[in-house]
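For reference, the structure discussed in these notes is given below.
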Amino acid sequence: MVDFERSAASLQIPSRSNCKPPPPMPKKWKTKLIHSDAHIPEGFRSLSIPVYRGSTVLFPNAASVQDTWDQYEVGYTYGLYGTPTTLELAARICELEKGFRTFITPGGQGAIALINFTFLKAGDHILVPESVYTPNRKFAVQVLRRFGVEVSFYPPTIGGGIDSLFRNNTRLVWCESPGSITMEVQDVPAIAAAAHRIGATVVLDNTWSAGIYFDAFAHGVDITMQALTKYVGGHSDLLLGSITVRDEAAYQRLGSTHQLVGCAASPDDCSLALRGLKTLAVRLKALEDAALALACWLAERPEVELVLHPALPSCPGHEFWKRDFTGSTGLFSIVFQRQFTQPQVLRFVDALELFEIGYSWAGVTSLAVAYDFHSTQNRPDYGHRIVRLNIGLEDIDDLKADLAQALDSMK
Ligand SMILES: Cc1ncc(COP(=O)(O)O)c(C=O)c1O
């Protein structure tokens, strides 16, 4: 466990008294509004991590002023690079993912963009899985191509065969395992080994595993990102992302781009995420149990052709989940039998009473969203028949009853 007081001390947070002793001159009330001499008792200790807000950071003297982003090196310089609350969250994510350092971004998509801006330049080539989170795909197509980066997509189950897609300018290989909506589990070690043979960097969207159930760095990944919005936040009320690196070189490159892109995260949101971390273990266990129970139950229903849950053999890449993951979480998809029309699938979603309809996932409320892959290139032939379910913390029997009545309503 990271000791907050100890880590804050090691970062040399200047105390008010170190920075500026109270001025001896008498003050008018307006001045006192800004430079108060009021005193309160010292020594407060509680179990919550304080929310340090701040853009300006005070320096002890004129000579020590500097604008350097690496606060681990020089102490605190500017709120953009993180207050102690932000850095505490970063240090804890880094500890859980067993990386070298972590950056916090204002959202998961912000983390994706920052990684691409840092590690790519015009003339480079990037490989992205076809199953990637749609805004990640769109960033590659709509932004990276505009800046002269060559973008290719690859089948998520390609494994070591990815080497046939390498070019002499391939710099970055994205992985997302399991993939968004279609849930393919990737052979990340094989992809990483191939990428490293040509000196390319491997980056993984590790959101589904919460950075817990897949040890990315032990499986060859160089950089991980997570939407902390999901399991770490856990209550659908914040947006945050993280980027964790395995070495100092990547840390330096990311840090300077983070500074120039200026993507500061709110300390208030970081404080909510720190609170979320405290209950992550119990939430993950409950969500895993409930999702597995419901996935197995749905697999037996005649309306369902396929359950895309990584822990079930029906999910593409299930063997890699079994080999590489230590658990599963609460998000999976189902594919209805071919005879079901789109209106019937939509009727199923609309008939659900406990499952709400909405984007994002990993909160305490069960959610259902229907997708339509008819016009999406290179996705499996699921058409309009795929529905993604986020399992929440409601009673499993109630969720089962809700799914049963919604399935009945399709007929
Ligand atoms: C797999 C995955 N990665 C990244 C993101 C982006 O996260 P955020 O919503 O925090 O920008 C999402 C959001 O849905 C996601 O599902």
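Ligands are numbered from 1 in the order shown, residues from 1 within each chain, and chains are lettered A, B, ... in the order they appear in the structure tokens.
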Expected answer as a PyMOL selection string: residues within 10 Å of ligand 1, only C-alpha atoms and all ligand atoms: chain A and resi 105-113+131-136+176-181+204-209+225-230+233+238-242+331+359-362
Given the selection you just returned, output its residues as a file containing C-alpha atoms, formatted as a PDB file, in the first residue's frame.
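Output file again_19.pdb follows:
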```pdb
ATOM      1  CA  THR A 105      -5.453  12.078 -18.225  1.00  0.00           C
ATOM      2  CA  PRO A 106      -8.916  13.667 -18.290  1.00  0.00           C
ATOM      3  CA  GLY A 107     -10.445  10.515 -19.849  1.00  0.00           C
ATOM      4  CA  GLY A 108      -9.571   7.206 -21.472  1.00  0.00           C
ATOM      5  CA  GLN A 109      -9.850   8.680 -24.953  1.00  0.00           C
ATOM      6  CA  GLY A 110      -7.474  11.459 -23.902  1.00  0.00           C
ATOM      7  CA  ALA A 111      -4.969   8.775 -22.911  1.00  0.00           C
ATOM      8  CA  ILE A 112      -5.293   7.162 -26.351  1.00  0.00           C
ATOM      9  CA  ALA A 113      -4.713  10.491 -28.106  1.00  0.00           C
ATOM     10  CA  SER A 131     -12.011  -4.684 -32.704  1.00  0.00           C
ATOM     11  CA  VAL A 132     -10.622  -1.511 -31.125  1.00  0.00           C
ATOM     12  CA  TYR A 133     -12.821   0.994 -29.242  1.00  0.00           C
ATOM     13  CA  THR A 134     -14.459   3.059 -32.011  1.00  0.00           C
ATOM     14  CA  PRO A 135     -13.070   6.518 -31.034  1.00  0.00           C
ATOM     15  CA  ASN A 136      -9.555   4.960 -31.007  1.00  0.00           C
ATOM     16  CA  GLU A 176      -7.193  -4.106 -26.966  1.00  0.00           C
ATOM     17  CA  SER A 177      -8.012  -7.379 -25.264  1.00  0.00           C
ATOM     18  CA  PRO A 178     -10.801  -8.293 -25.183  1.00  0.00           C
ATOM     19  CA  GLY A 179     -11.895  -6.073 -28.073  1.00  0.00           C
ATOM     20  CA  SER A 180     -14.762  -3.631 -27.790  1.00  0.00           C
ATOM     21  CA  ILE A 181     -18.235  -5.173 -28.254  1.00  0.00           C
ATOM     22  CA  LEU A 204      -2.562  -2.094 -24.760  1.00  0.00           C
ATOM     23  CA  ASP A 205      -5.985  -0.790 -23.796  1.00  0.00           C
ATOM     24  CA  ASN A 206      -6.249  -2.743 -20.530  1.00  0.00           C
ATOM     25  CA  THR A 207      -9.568  -1.278 -19.364  1.00  0.00           C
ATOM     26  CA  TRP A 208     -11.619  -4.503 -19.337  1.00  0.00           C
ATOM     27  CA  SER A 209      -9.229  -6.208 -16.916  1.00  0.00           C
ATOM     28  CA  MET A 225      -3.773   2.688 -20.894  1.00  0.00           C
ATOM     29  CA  GLN A 226      -7.020   2.402 -19.015  1.00  0.00           C
ATOM     30  CA  ALA A 227     -10.245   4.328 -18.976  1.00  0.00           C
ATOM     31  CA  LEU A 228     -10.347   4.832 -15.190  1.00  0.00           C
ATOM     32  CA  THR A 229     -13.863   6.037 -15.969  1.00  0.00           C
ATOM     33  CA  LYS A 230     -14.812   2.360 -15.872  1.00  0.00           C
ATOM     34  CA  GLY A 233     -14.153   5.005 -10.890  1.00  0.00           C
ATOM     35  CA  LEU A 238     -16.279  10.587 -13.417  1.00  0.00           C
ATOM     36  CA  LEU A 239     -14.099  10.585 -16.529  1.00  0.00           C
ATOM     37  CA  LEU A 240     -10.389   9.797 -16.187  1.00  0.00           C
ATOM     38  CA  GLY A 241      -7.706   7.860 -18.001  1.00  0.00           C
ATOM     39  CA  SER A 242      -4.272   6.490 -17.194  1.00  0.00           C
ATOM     40  CA  LEU A 331     -18.890  -6.770 -19.580  1.00  0.00           C
ATOM     41  CA  TYR A 359     -22.813   4.135 -23.033  1.00  0.00           C
ATOM     42  CA  SER A 360     -19.851   3.570 -20.804  1.00  0.00           C
ATOM     43  CA  TRP A 361     -19.803   0.593 -18.454  1.00  0.00           C
ATOM     44  CA  ALA A 362     -18.303  -0.865 -15.273  1.00  0.00           C
TER      45      ALA A 362
END
```
Range 154-296 of chain A: residues DSSP assigns to strand (DSSP E), reported as a PyMOL selection string: chain A and resi 154+170-176+201-205+223-227+241-245
Residues within 7 Å of range 395-405 of chain A, only C-alpha atoms, excluding chain neighbours under 3 positions, as a PyMOL selection string: chain A and resi 290+294+352-354+408-409
Computed interatomic separation between CA of Pro84 in chain A and CA of Tyr52 in chain A (Å):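 These two atoms are separated by 6.3 Å.
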Go through range 186-258 of chain A residue by residue and, counting only C-alpha atoms, keep those with an atom at most 10 Å from range 274-281 of chain A; for each kept residue give the shortest atom pair and its distance in Å to one decimal, ordered by chain and increasing number, as JSON lines.
```
{"residue": "A:Ala210", "atom": "CA", "partner": "A:Leu280", "partner_atom": "CA", "distance": 8.9}
{"residue": "A:Ile212", "atom": "CA", "partner": "A:Ala281", "partner_atom": "CA", "distance": 9.4}
{"residue": "A:Leu228", "atom": "CA", "partner": "A:Gly276", "partner_atom": "CA", "distance": 9.6}
{"residue": "A:Tyr231", "atom": "CA", "partner": "A:Leu280", "partner_atom": "CA", "distance": 7.2}
{"residue": "A:Val232", "atom": "CA", "partner": "A:Gly276", "partner_atom": "CA", "distance": 5.5}
{"residue": "A:Gly233", "atom": "CA", "partner": "A:Gly276", "partner_atom": "CA", "distance": 5.0}
{"residue": "A:Gly234", "atom": "CA", "partner": "A:Gly276", "partner_atom": "CA", "distance": 6.0}
{"residue": "A:His235", "atom": "CA", "partner": "A:Gly276", "partner_atom": "CA", "distance": 7.8}
```
